[in-house]
Structures are given as structure tokens and as C-alpha cells.
$ cat protein23.cif   # mmCIF, C-alpha atoms
data_work
#
loop_
_atom_site.label_atom_id
_atom_site.label_comp_id
_atom_site.auth_asym_id
_atom_site.auth_seq_id
_atom_site.Cartn_x
_atom_site.Cartn_y
_atom_site.Cartn_z
CA MET A 1 60.95 109.60 65.80
CA MET A 2 61.65 112.15 63.09
CA SER A 3 61.68 111.01 59.49
CA SER A 4 64.93 111.27 57.52
CA SER A 5 63.62 114.34 55.71
CA GLU A 6 62.96 116.08 59.04
CA ARG A 7 66.17 115.00 60.75
CA PRO A 8 68.68 117.84 61.30
CA VAL A 9 72.26 117.39 60.15
CA VAL A 10 74.47 116.61 63.13
CA GLN A 11 77.69 118.65 63.26
CA GLU A 12 80.04 120.00 65.88
CA GLN A 13 80.05 123.71 66.62
CA GLY A 14 82.36 125.57 64.26
CA GLN A 15 82.50 122.72 61.74
CA GLN A 16 80.67 122.50 58.45
CA ALA A 17 78.87 119.20 57.80
CA GLN A 18 80.53 117.01 55.19
CA GLN A 19 78.11 114.90 53.19
CA GLY A 20 79.28 111.44 52.21
CA GLN A 21 79.02 109.64 48.89
CA LEU A 22 76.44 107.20 47.53
CA VAL A 23 77.37 104.11 45.52
CA ILE A 24 74.15 102.85 43.93
CA ILE A 25 74.46 99.51 42.11
CA GLY A 26 71.91 98.10 39.66
CA GLY A 27 72.27 94.56 41.04
CA GLY A 28 74.06 91.55 39.60
CA GLU A 29 77.48 92.98 40.42
CA ASP A 30 80.59 90.91 39.82
CA LYS A 31 81.74 89.32 43.10
CA GLU A 32 84.30 86.86 41.74
CA ASN A 33 86.58 88.49 39.15
CA ASN A 34 87.63 92.15 38.96
CA CYS A 35 84.70 93.28 41.14
CA THR A 36 84.70 96.71 39.46
CA VAL A 37 81.78 98.31 41.30
CA LEU A 38 82.45 96.74 44.71
CA ARG A 39 86.11 97.71 44.33
CA GLU A 40 85.00 101.35 43.81
CA PHE A 41 82.81 101.19 46.93
CA VAL A 42 85.77 99.93 48.96
CA ARG A 43 88.11 102.56 47.53
CA ARG A 44 85.72 105.40 48.37
CA ALA A 45 85.07 104.01 51.86
CA GLY A 46 88.78 104.11 52.74
CA GLY A 47 90.47 101.30 50.84
CA THR A 48 92.24 98.72 52.97
CA GLN A 49 91.64 100.98 55.99
CA ALA A 50 87.86 100.97 55.47
CA ARG A 51 85.49 99.77 58.15
CA ILE A 52 82.51 98.24 56.34
CA ALA A 53 79.11 97.32 57.75
CA VAL A 54 76.97 95.05 55.54
CA LEU A 55 73.23 95.49 56.16
CA THR A 56 71.25 92.37 55.19
CA ALA A 57 67.73 93.59 56.04
CA ALA A 58 66.49 93.13 52.45
CA THR A 59 67.30 89.43 52.16
CA SER A 60 65.60 86.37 53.62
CA MET A 61 69.03 84.64 53.69
CA PRO A 62 71.04 87.09 55.80
CA ARG A 63 73.73 84.66 56.92
CA GLU A 64 74.58 83.45 53.41
CA VAL A 65 74.49 86.95 51.92
CA GLY A 66 76.51 88.40 54.77
CA ASP A 67 79.18 85.71 54.42
CA THR A 68 79.39 86.39 50.66
CA TYR A 69 80.11 90.08 51.11
CA ILE A 70 82.52 89.46 53.98
CA GLY A 71 84.47 87.21 51.60
CA VAL A 72 84.47 89.75 48.76
CA PHE A 73 85.46 92.75 50.87
CA LYS A 74 88.21 90.83 52.70
CA ARG A 75 89.57 89.60 49.37
CA LEU A 76 89.81 93.26 48.33
CA GLY A 77 91.89 93.96 51.42
CA VAL A 78 89.38 95.18 54.01
CA GLU A 79 90.05 93.58 57.41
CA ASP A 80 87.20 95.22 59.35
CA VAL A 81 83.92 93.91 57.88
CA ARG A 82 80.85 93.43 60.07
CA VAL A 83 77.33 92.27 59.25
CA ILE A 84 74.31 94.08 60.68
CA ASP A 85 71.53 91.50 60.57
CA THR A 86 68.05 92.96 61.17
CA GLU A 87 65.51 90.17 60.74
CA ARG A 88 63.11 92.05 63.04
CA ARG A 89 62.55 95.74 63.65
CA GLU A 90 63.79 95.37 67.24
CA ASP A 91 67.20 94.32 65.87
CA SER A 92 67.69 97.92 64.66
CA GLU A 93 67.91 99.02 68.30
CA ARG A 94 70.55 96.45 69.36
CA SER A 95 73.74 97.94 70.80
CA ASP A 96 76.05 95.81 68.61
CA ALA A 97 74.23 96.92 65.44
CA LEU A 98 74.39 100.57 66.46
CA GLU A 99 78.08 100.31 67.33
CA ALA A 100 78.92 98.70 63.97
CA ALA A 101 77.07 101.47 62.09
CA GLU A 102 78.63 104.22 64.21
CA GLN A 103 82.16 103.00 63.49
CA ALA A 104 81.67 102.25 59.77
CA THR A 105 83.24 104.30 57.00
CA GLY A 106 81.17 102.36 54.45
CA LEU A 107 77.62 101.06 54.94
CA PHE A 108 76.45 98.57 52.30
CA PHE A 109 72.83 97.43 51.80
CA SER A 110 72.41 94.03 50.13
CA GLY A 111 69.77 93.04 47.60
CA GLY A 112 66.46 91.31 48.28
CA ASP A 113 63.16 93.07 48.97
CA GLN A 114 63.41 96.84 49.51
CA ALA A 115 60.21 96.86 51.58
CA ARG A 116 62.06 94.85 54.26
CA ILE A 117 64.64 97.65 54.60
CA ILE A 118 61.86 100.15 55.26
CA ASN A 119 59.97 97.84 57.62
CA PHE A 120 62.99 96.87 59.71
CA ILE A 121 65.20 99.99 59.67
CA LYS A 122 63.42 103.21 58.68
CA GLY A 123 62.60 105.39 61.68
CA THR A 124 64.78 103.41 64.11
CA LYS A 125 67.91 104.35 66.02
CA LEU A 126 69.95 102.47 63.39
CA ASP A 127 68.41 104.63 60.65
CA GLU A 128 69.34 107.75 62.60
CA ILE A 129 72.96 106.63 62.98
CA ILE A 130 73.30 105.66 59.30
CA HIS A 131 72.11 109.12 58.22
CA LYS A 132 74.39 110.71 60.81
CA ARG A 133 77.39 108.80 59.48
CA TYR A 134 76.46 109.81 55.92
CA SER A 135 76.29 113.48 56.96
CA GLU A 136 79.74 113.06 58.50
CA GLY A 137 81.27 111.73 55.27
CA ALA A 138 80.71 107.96 55.32
CA VAL A 139 79.92 106.16 52.06
CA VAL A 140 76.49 104.51 51.74
CA GLY A 141 76.19 101.83 49.08
CA GLY A 142 73.49 99.45 47.99
CA THR A 143 72.72 96.90 45.30
CA SER A 144 69.37 95.95 43.76
CA ALA A 145 66.91 96.46 46.65
CA GLY A 146 69.69 98.40 48.35
CA ALA A 147 69.66 100.73 45.33
CA ALA A 148 65.88 101.06 45.07
CA MET A 149 65.58 102.29 48.66
CA MET A 150 67.92 105.29 48.18
CA PRO A 151 65.31 107.99 47.25
CA ASP A 152 62.78 109.58 49.58
CA VAL A 153 60.03 107.88 47.54
CA MET A 154 60.98 104.50 46.08
CA ILE A 155 59.64 101.87 43.70
CA VAL A 156 58.29 99.11 45.93
CA GLU A 157 57.44 96.75 43.09
CA GLY A 158 56.12 96.83 39.54
CA GLU A 159 55.88 95.21 36.13
CA SER A 160 58.80 94.98 33.72
CA GLU A 161 58.74 94.96 29.91
CA THR A 162 55.60 97.06 29.61
CA ASN A 163 54.45 100.44 28.37
CA PRO A 164 53.87 103.14 31.01
CA ARG A 165 50.56 102.86 32.93
CA ALA A 166 49.48 104.06 36.35
CA ASN A 167 49.04 100.51 37.63
CA VAL A 168 52.46 99.32 36.47
CA VAL A 169 54.26 100.41 39.64
CA GLU A 170 53.69 100.72 43.39
CA MET A 171 55.47 103.55 45.20
CA GLY A 172 56.30 103.91 48.87
CA PRO A 173 58.60 105.75 51.29
CA GLY A 174 62.33 105.19 50.80
CA MET A 175 65.30 105.85 53.07
CA GLY A 176 65.76 109.46 51.91
CA PHE A 177 69.40 109.57 50.82
CA LEU A 178 68.49 110.86 47.34
CA PRO A 179 65.44 113.15 47.43
CA GLY A 180 63.56 114.15 44.28
CA ILE A 181 64.87 111.24 42.20
CA VAL A 182 63.50 107.80 41.34
CA VAL A 183 65.92 104.86 41.03
CA ASP A 184 65.29 101.58 39.21
CA GLN A 185 67.67 98.64 38.98
CA HIS A 186 68.32 95.58 36.72
CA PHE A 187 67.30 98.18 34.16
CA ALA A 188 68.24 97.00 30.66
CA GLN A 189 68.17 93.34 31.66
CA ARG A 190 64.49 93.47 32.71
CA GLY A 191 63.19 96.14 30.32
CA ARG A 192 62.13 98.63 32.99
CA LEU A 193 61.90 101.92 31.08
CA GLY A 194 58.09 101.76 31.14
CA ARG A 195 57.89 101.34 34.88
CA LEU A 196 60.48 104.08 35.54
CA ILE A 197 58.45 106.56 33.48
CA SER A 198 55.29 105.42 35.27
CA ALA A 199 57.00 106.05 38.61
CA LEU A 200 58.01 109.57 37.54
CA MET A 201 54.38 110.35 36.74
CA LEU A 202 53.19 109.09 40.14
CA GLN A 203 55.49 111.03 42.46
CA PRO A 204 57.03 114.52 42.46
CA ALA A 205 60.42 113.74 40.95
CA VAL A 206 61.82 115.14 37.74
CA LEU A 207 64.69 112.68 37.23
CA GLY A 208 64.59 108.92 36.92
CA ILE A 209 67.80 106.90 37.03
CA GLY A 210 67.78 103.36 35.62
CA ILE A 211 70.92 101.37 36.45
CA ASP A 212 71.97 98.23 34.57
CA GLU A 213 73.39 95.18 36.30
CA ASP A 214 77.08 95.23 37.31
CA THR A 215 76.90 99.03 36.97
CA ALA A 216 76.80 101.80 39.56
CA VAL A 217 76.32 105.52 39.90
CA VAL A 218 78.71 107.10 42.40
CA ILE A 219 77.18 110.31 43.70
CA SER A 220 79.38 112.98 45.23
CA GLY A 221 77.87 116.41 45.79
CA ASP A 222 75.81 117.45 42.76
CA GLU A 223 77.40 114.97 40.34
CA PHE A 224 77.46 111.28 39.68
CA GLU A 225 79.90 109.12 37.75
CA VAL A 226 79.01 105.86 36.03
CA ILE A 227 81.12 102.83 36.96
CA GLY A 228 80.83 99.32 35.55
CA HIS A 229 80.06 97.23 32.50
CA GLY A 230 76.54 98.38 31.62
CA ALA A 231 74.99 101.82 31.30
CA VAL A 232 72.82 104.25 33.22
CA THR A 233 69.63 105.65 31.71
CA VAL A 234 68.57 109.11 32.91
CA VAL A 235 64.98 110.18 32.23
CA ASP A 236 64.46 113.94 32.62
CA GLU A 237 60.84 115.04 32.51
CA SER A 238 61.44 118.48 34.03
CA ASN A 239 60.65 120.21 30.72
CA SER A 240 58.17 117.71 29.31
CA THR A 241 55.51 119.31 27.15
CA HIS A 242 52.54 117.05 27.83
CA ASN A 243 51.24 114.08 29.81
CA ASN A 244 47.76 112.66 30.31
CA ALA A 245 48.27 111.41 33.88
CA GLU A 246 45.31 113.33 35.32
CA GLY A 247 42.81 112.28 32.68
CA ILE A 248 43.16 108.51 32.50
CA LEU A 249 41.94 105.53 34.48
CA LYS A 250 44.38 103.39 36.43
CA ASP A 251 44.85 100.68 33.79
CA GLU A 252 45.03 103.01 30.77
CA ALA A 253 48.21 103.92 28.89
CA LEU A 254 50.21 106.98 29.90
CA ALA A 255 51.27 109.52 27.29
CA VAL A 256 54.39 111.60 28.00
CA CYS A 257 55.86 114.07 25.48
CA GLY A 258 59.05 116.09 25.40
CA VAL A 259 61.03 113.91 27.83
CA LYS A 260 64.85 113.92 27.64
CA LEU A 261 66.71 110.61 27.67
CA HIS A 262 70.44 110.19 28.37
CA ILE A 263 72.35 106.90 28.10
CA LEU A 264 75.65 107.03 30.01
CA PRO A 265 78.26 104.23 30.04
CA HIS A 266 81.35 103.79 32.25
CA GLY A 267 83.29 106.99 32.91
CA TYR A 268 80.52 109.43 31.98
CA ARG A 269 79.29 111.92 34.55
CA PHE A 270 76.02 113.78 35.12
CA ASN A 271 75.24 116.98 37.02
CA LEU A 272 72.10 116.48 39.10
CA LYS A 273 71.68 120.22 39.68
CA THR A 274 71.83 121.35 36.03
CA LYS A 275 70.38 118.03 34.78
CA GLN A 276 73.08 117.87 32.15
CA PRO A 277 75.51 115.09 31.20
CA ILE A 278 79.21 115.92 31.37
CA VAL A 279 80.64 114.70 28.08
CA LYS A 280 84.21 113.39 28.03
#
$ encode --input "protein23.cif" --output "C-alpha cells"
Amino acid sequence: MMSSSERPVVQEQGQQAQQGQLVIIGGGEDKENNCTVLREFVRRAGGTQARIAVLTAATSMPREVGDTYIGVFKRLGVEDVRVIDTERREDSERSDALEAAEQATGLFFSGGDQARIINFIKGTKLDEIIHKRYSEGAVVGGTSAGAAMMPDVMIVEGESETNPRANVVEMGPGMGFLPGIVVDQHFAQRGRLGRLISALMLQPAVLGIGIDEDTAVVISGDEFEVIGHGAVTVVDESNSTHNNAEGILKDEALAVCGVKLHILPHGYRFNLKTKQPIVK
């Protein structure tokens, strides 16, 4: 089966493809009070008329996690909420799972272990349908592991609260919704600037996006908006003046000079094409 990067955009003759939106949450989102970031996901997916599919591939407790999100989304007014439980790769070929994804206006990936999402979904019929729905305008959201898997190359795991080094982070294939960008989550809470910079040095991306807990970036076209109670850190190394990545051993410290850093709280926007923040 073709990878997501090779997959053609599906569109009817005479119609231009409409790309959907991404709601990428840094984990730890409020599920009990105002539910700011989940409320935004629901609103963008169609409000009370949304049809939401919750994908629990990342978690080892799919029933509990699925029930939690069913409760939250129904409390926000969504009547049609289904759980797509893929505890094995074969589950991503089940007719009920494919039907739920095909009919969804919002597809939401839970937290857990992002490697499970790749192992159980990437390259399957379910993966193909999710990307098709996104190309048709559906909203794809994810929290924690569901955020990490968004790029074409993702952070699989790595150390927190450390200076940048080549052995700080392990990279692997992601789901390909956000090419050329690295995403990290639980960002301020776990001190992950060092591992995000390390990831940027290890794979061909020029932007790193670190998302705090209970915070999301909502990507529409070439721009994203920050929603939530924390902040988003953007690391832009496209015009960096120096790094020593090629001359060091795996456990030695990375040097990176001339990197731009942007800290963006709720309401701020950023243009991914020009790599510039949009100041209020």
C-alpha cells in the first residue's frame, strides 16, 4: 500500500480538493470544566451536528479512554460519537471501523504511545480513509501521542529536561498530516526544548512546535492559531548560522547557533509558509 506521502488526493472531477483542519493538543487537556481545546475541536468538526470518531490505538486502556471521550463530547452536545478501537493491526481493516471513519467529520486520536498508532494504523485501509476524509475537509485532532504522530517524521521517544544531544531522541515515521515539521507535547511541563532541538537536527525539518498541556494549535491552510491555557513554542532553524551535528559523537552535546524562538499564547497565530508570527 502507498505511504501517506505517496497517496494521491481523492477528489471528484471538476471539484477542487478541500483540505481539512488539524487540532493538535499538547496533552493534559481539560475534560471536566470549560474544556477549551476539546470545545474548539468540536466546533470546527461541526458543532452539535458533528460526527466524531475517537481512535484509541495509542492507549493500552481503549475502553476506559473511549468512554471518557464519549462522555466529554456528548456533554458538549455531540450525539454521534463512535470509538474506533484498534488493538491489533487487523482491526484497521474491519468494516465497522472503516464505516465510522468514512462518516466522521472529526477524527480524534487519544494519548498513549504514538508507536502504537503507527504499528496498528499506518499503511492500512483505515489510514487511507482517514487521509481521504482529511483531504475532503474533515478535522483531524489528537492529544499527547495523538499530537506527536501528526508529522511525516515523529518523535518516538526521548529524554526530557536535558541539553540537546544526538542520543536524546528517537525518530520514526509519523502519520504524515504535517510534513516538514516536528511536534513535541507536554512541552513546558516536562522541559522538552532540548529534545525538540535534537529532533530538528536529526531529520529534515526547519520548524519545531512544542505544545504545552491543555493547549492546542489549530492548523488551517498555511496558518495556525493557539488555543488554550499554556503556550506554544516555535523553534525555527531555517536560517541558523551554525551547528556541529556532523562532527560529534552520538552522546556529545549539540551546538546550534542563530535559531529563532517564538513563544505564542492563546489567540496568537503563526504563518507556516512565511515562518512568521502574526502579532495581535
$ closest_residue --input "protein23.cif" --among "A:Leu38, A:Ala101, A:Met149, A:Val140" --to "A:Gly77" --atoms "all atoms listed in the file"
A:Leu38
$ residues_around --input "protein23.cif" --residues "A:Gly208" --least-positions-apart "4" --cutoff "10 Å" --atoms "only C-alpha atoms" --output "JSON, numbers by chain"
{"A": [180, 181, 182, 183, 184, 193, 196, 197, 199, 200, 233, 234, 235, 236, 237, 261]}
$ closest_residue --input "protein23.cif" --among "A:Glu128, A:Glu159, A:Glu79, A:Asp85" --to "A:Val65" --atoms "all atoms listed in the file"
A:Asp85
$ closest_residue --input "protein23.cif" --among "A:Val42, A:Val226, A:Cys257, A:Ile121" --to "A:Thr56" --atoms "all atoms listed in the file"
A:Ile121
$ residues_around --input "protein23.cif" --residues "A:Ile278" --least-positions-apart "5" --cutoff "8 Å" --atoms "only C-alpha atoms" --output "PDB file with C-alpha atoms, in the coordinates of the input"
ATOM      1  CA  TYR A 268      80.520 109.430  31.980  1.00  0.00           C
ATOM      2  CA  ARG A 269      79.290 111.920  34.550  1.00  0.00           C
ATOM      3  CA  PHE A 270      76.020 113.780  35.120  1.00  0.00           C
ATOM      4  CA  ASN A 271      75.240 116.980  37.020  1.00  0.00           C
TER       5      ASN A 271
END
$ closest_residue --input "protein23.cif" --among "A:Arg39, A:Lys275, A:Pro265, A:Ile219" --to "A:Asn239" --atoms "only C-alpha atoms"
A:Lys275
$ resolve_selection --input "protein23.cif" --expression "the PyMOL selection byres ((chain A and resi 189) around 12)" --output "PyMOL selection string"
chain A and resi 26-28+160-161+184-188+190-193+210-215+230-232
$ residues_around --input "protein23.cif" --residues "A:Tyr69" --least-positions-apart "3" --cutoff "12 Å" --atoms "all atoms listed in the file" --output "PyMOL selection string"
chain A and resi 29-32+35+38-39+42+52-56+62-66+72-76+78+81-84+107-111+142-143
$ residues_around --input "protein23.cif" --residues "A:Glu87" --least-positions-apart "5" --cutoff "9 Å" --atoms "all atoms listed in the file" --output "MDAnalysis selection string"
chainID A and resid 56:60 62 92 116 120
$ resolve_selection --input "protein23.cif" --expression "the PyMOL selection byres ((chain A and resi 103) around 9)" --output "short mmCIF file (atom, residue, chain, number, x, y, z; two decimals) with C-alpha atoms, keeping the file's coordinate frame"
data_model
loop_
_atom_site.label_atom_id
_atom_site.label_comp_id
_atom_site.auth_asym_id
_atom_site.auth_seq_id
_atom_site.Cartn_x
_atom_site.Cartn_y
_atom_site.Cartn_z
CA ARG A 51 85.49 99.77 58.15
CA ILE A 52 82.51 98.24 56.34
CA ALA A 53 79.11 97.32 57.75
CA LEU A 98 74.39 100.57 66.46
CA GLU A 99 78.08 100.31 67.33
CA ALA A 100 78.92 98.70 63.97
CA ALA A 101 77.07 101.47 62.09
CA GLU A 102 78.63 104.22 64.21
CA ALA A 104 81.67 102.25 59.77
CA THR A 105 83.24 104.30 57.00
CA ARG A 133 77.39 108.80 59.48
#
$ decode --input "protein23.cif" --residues "stretch 215-237 of chain A" --atoms "N, CA and C atoms" --output "PDB file, in the first residue's frame"
ATOM      1  N   THR A 215      -3.351  22.933  25.824  1.00  0.00           N
ATOM      2  CA  THR A 215      -3.088  23.939  24.787  1.00  0.00           C
ATOM      3  C   THR A 215      -3.084  23.226  23.435  1.00  0.00           C
ATOM      4  N   ALA A 216      -3.538  23.910  22.411  1.00  0.00           N
ATOM      5  CA  ALA A 216      -3.580  23.312  21.079  1.00  0.00           C
ATOM      6  C   ALA A 216      -3.151  24.312  20.026  1.00  0.00           C
ATOM      7  N   VAL A 217      -2.633  23.781  18.922  1.00  0.00           N
ATOM      8  CA  VAL A 217      -2.523  24.573  17.697  1.00  0.00           C
ATOM      9  C   VAL A 217      -3.601  24.072  16.747  1.00  0.00           C
ATOM     10  N   VAL A 218      -4.347  25.014  16.174  1.00  0.00           N
ATOM     11  CA  VAL A 218      -5.378  24.683  15.199  1.00  0.00           C
ATOM     12  C   VAL A 218      -4.879  25.147  13.842  1.00  0.00           C
ATOM     13  N   ILE A 219      -4.571  24.186  12.977  1.00  0.00           N
ATOM     14  CA  ILE A 219      -3.958  24.493  11.690  1.00  0.00           C
ATOM     15  C   ILE A 219      -5.013  24.478  10.591  1.00  0.00           C
ATOM     16  N   SER A 220      -5.097  25.587   9.883  1.00  0.00           N
ATOM     17  CA  SER A 220      -5.992  25.725   8.746  1.00  0.00           C
ATOM     18  C   SER A 220      -5.212  26.386   7.620  1.00  0.00           C
ATOM     19  N   GLY A 221      -5.021  25.667   6.538  1.00  0.00           N
ATOM     20  CA  GLY A 221      -4.203  26.190   5.444  1.00  0.00           C
ATOM     21  C   GLY A 221      -2.771  26.378   5.887  1.00  0.00           C
ATOM     22  N   ASP A 222      -2.226  27.576   5.658  1.00  0.00           N
ATOM     23  CA  ASP A 222      -0.827  27.862   5.990  1.00  0.00           C
ATOM     24  C   ASP A 222      -0.656  28.473   7.375  1.00  0.00           C
ATOM     25  N   GLU A 223      -1.737  28.585   8.156  1.00  0.00           N
ATOM     26  CA  GLU A 223      -1.646  29.253   9.447  1.00  0.00           C
ATOM     27  C   GLU A 223      -2.118  28.353  10.579  1.00  0.00           C
ATOM     28  N   PHE A 224      -1.577  28.620  11.773  1.00  0.00           N
ATOM     29  CA  PHE A 224      -2.184  28.018  12.943  1.00  0.00           C
ATOM     30  C   PHE A 224      -2.502  29.081  13.979  1.00  0.00           C
ATOM     31  N   GLU A 225      -3.502  28.770  14.809  1.00  0.00           N
ATOM     32  CA  GLU A 225      -3.888  29.615  15.926  1.00  0.00           C
ATOM     33  C   GLU A 225      -3.697  28.839  17.210  1.00  0.00           C
ATOM     34  N   VAL A 226      -3.238  29.529  18.258  1.00  0.00           N
ATOM     35  CA  VAL A 226      -3.034  28.895  19.557  1.00  0.00           C
ATOM     36  C   VAL A 226      -4.309  29.019  20.379  1.00  0.00           C
ATOM     37  N   ILE A 227      -4.749  27.880  20.947  1.00  0.00           N
ATOM     38  CA  ILE A 227      -5.935  27.831  21.783  1.00  0.00           C
ATOM     39  C   ILE A 227      -5.557  27.183  23.110  1.00  0.00           C
ATOM     40  N   GLY A 228      -6.000  27.732  24.231  1.00  0.00           N
ATOM     41  CA  GLY A 228      -5.795  27.055  25.499  1.00  0.00           C
ATOM     42  C   GLY A 228      -5.080  27.883  26.540  1.00  0.00           C
ATOM     43  N   HIS A 229      -4.687  27.217  27.625  1.00  0.00           N
ATOM     44  CA  HIS A 229      -4.194  27.910  28.813  1.00  0.00           C
ATOM     45  C   HIS A 229      -2.672  27.977  28.915  1.00  0.00           C
ATOM     46  N   GLY A 230      -1.953  27.294  28.072  1.00  0.00           N
ATOM     47  CA  GLY A 230      -0.499  27.362  28.078  1.00  0.00           C
ATOM     48  C   GLY A 230       0.015  28.177  26.908  1.00  0.00           C
ATOM     49  N   ALA A 231       1.126  27.744  26.351  1.00  0.00           N
ATOM     50  CA  ALA A 231       1.720  28.443  25.210  1.00  0.00           C
ATOM     51  C   ALA A 231       2.278  27.425  24.228  1.00  0.00           C
ATOM     52  N   VAL A 232       2.604  27.922  23.053  1.00  0.00           N
ATOM     53  CA  VAL A 232       3.250  27.114  22.020  1.00  0.00           C
ATOM     54  C   VAL A 232       4.622  27.721  21.735  1.00  0.00           C
ATOM     55  N   THR A 233       5.629  26.883  21.722  1.00  0.00           N
ATOM     56  CA  THR A 233       6.996  27.305  21.418  1.00  0.00           C
ATOM     57  C   THR A 233       7.333  26.875  19.996  1.00  0.00           C
ATOM     58  N   VAL A 234       7.703  27.830  19.157  1.00  0.00           N
ATOM     59  CA  VAL A 234       8.109  27.528  17.780  1.00  0.00           C
ATOM     60  C   VAL A 234       9.610  27.724  17.670  1.00  0.00           C
ATOM     61  N   VAL A 235      10.314  26.691  17.239  1.00  0.00           N
ATOM     62  CA  VAL A 235      11.757  26.750  17.010  1.00  0.00           C
ATOM     63  C   VAL A 235      11.988  26.744  15.504  1.00  0.00           C
ATOM     64  N   ASP A 236      12.591  27.826  14.998  1.00  0.00           N
ATOM     65  CA  ASP A 236      12.836  27.983  13.562  1.00  0.00           C
ATOM     66  C   ASP A 236      14.337  27.979  13.324  1.00  0.00           C
ATOM     67  N   GLU A 237      14.814  26.879  12.727  1.00  0.00           N
ATOM     68  CA  GLU A 237      16.257  26.796  12.466  1.00  0.00           C
ATOM     69  C   GLU A 237      16.561  26.935  10.977  1.00  0.00           C
TER      70      GLU A 237
END
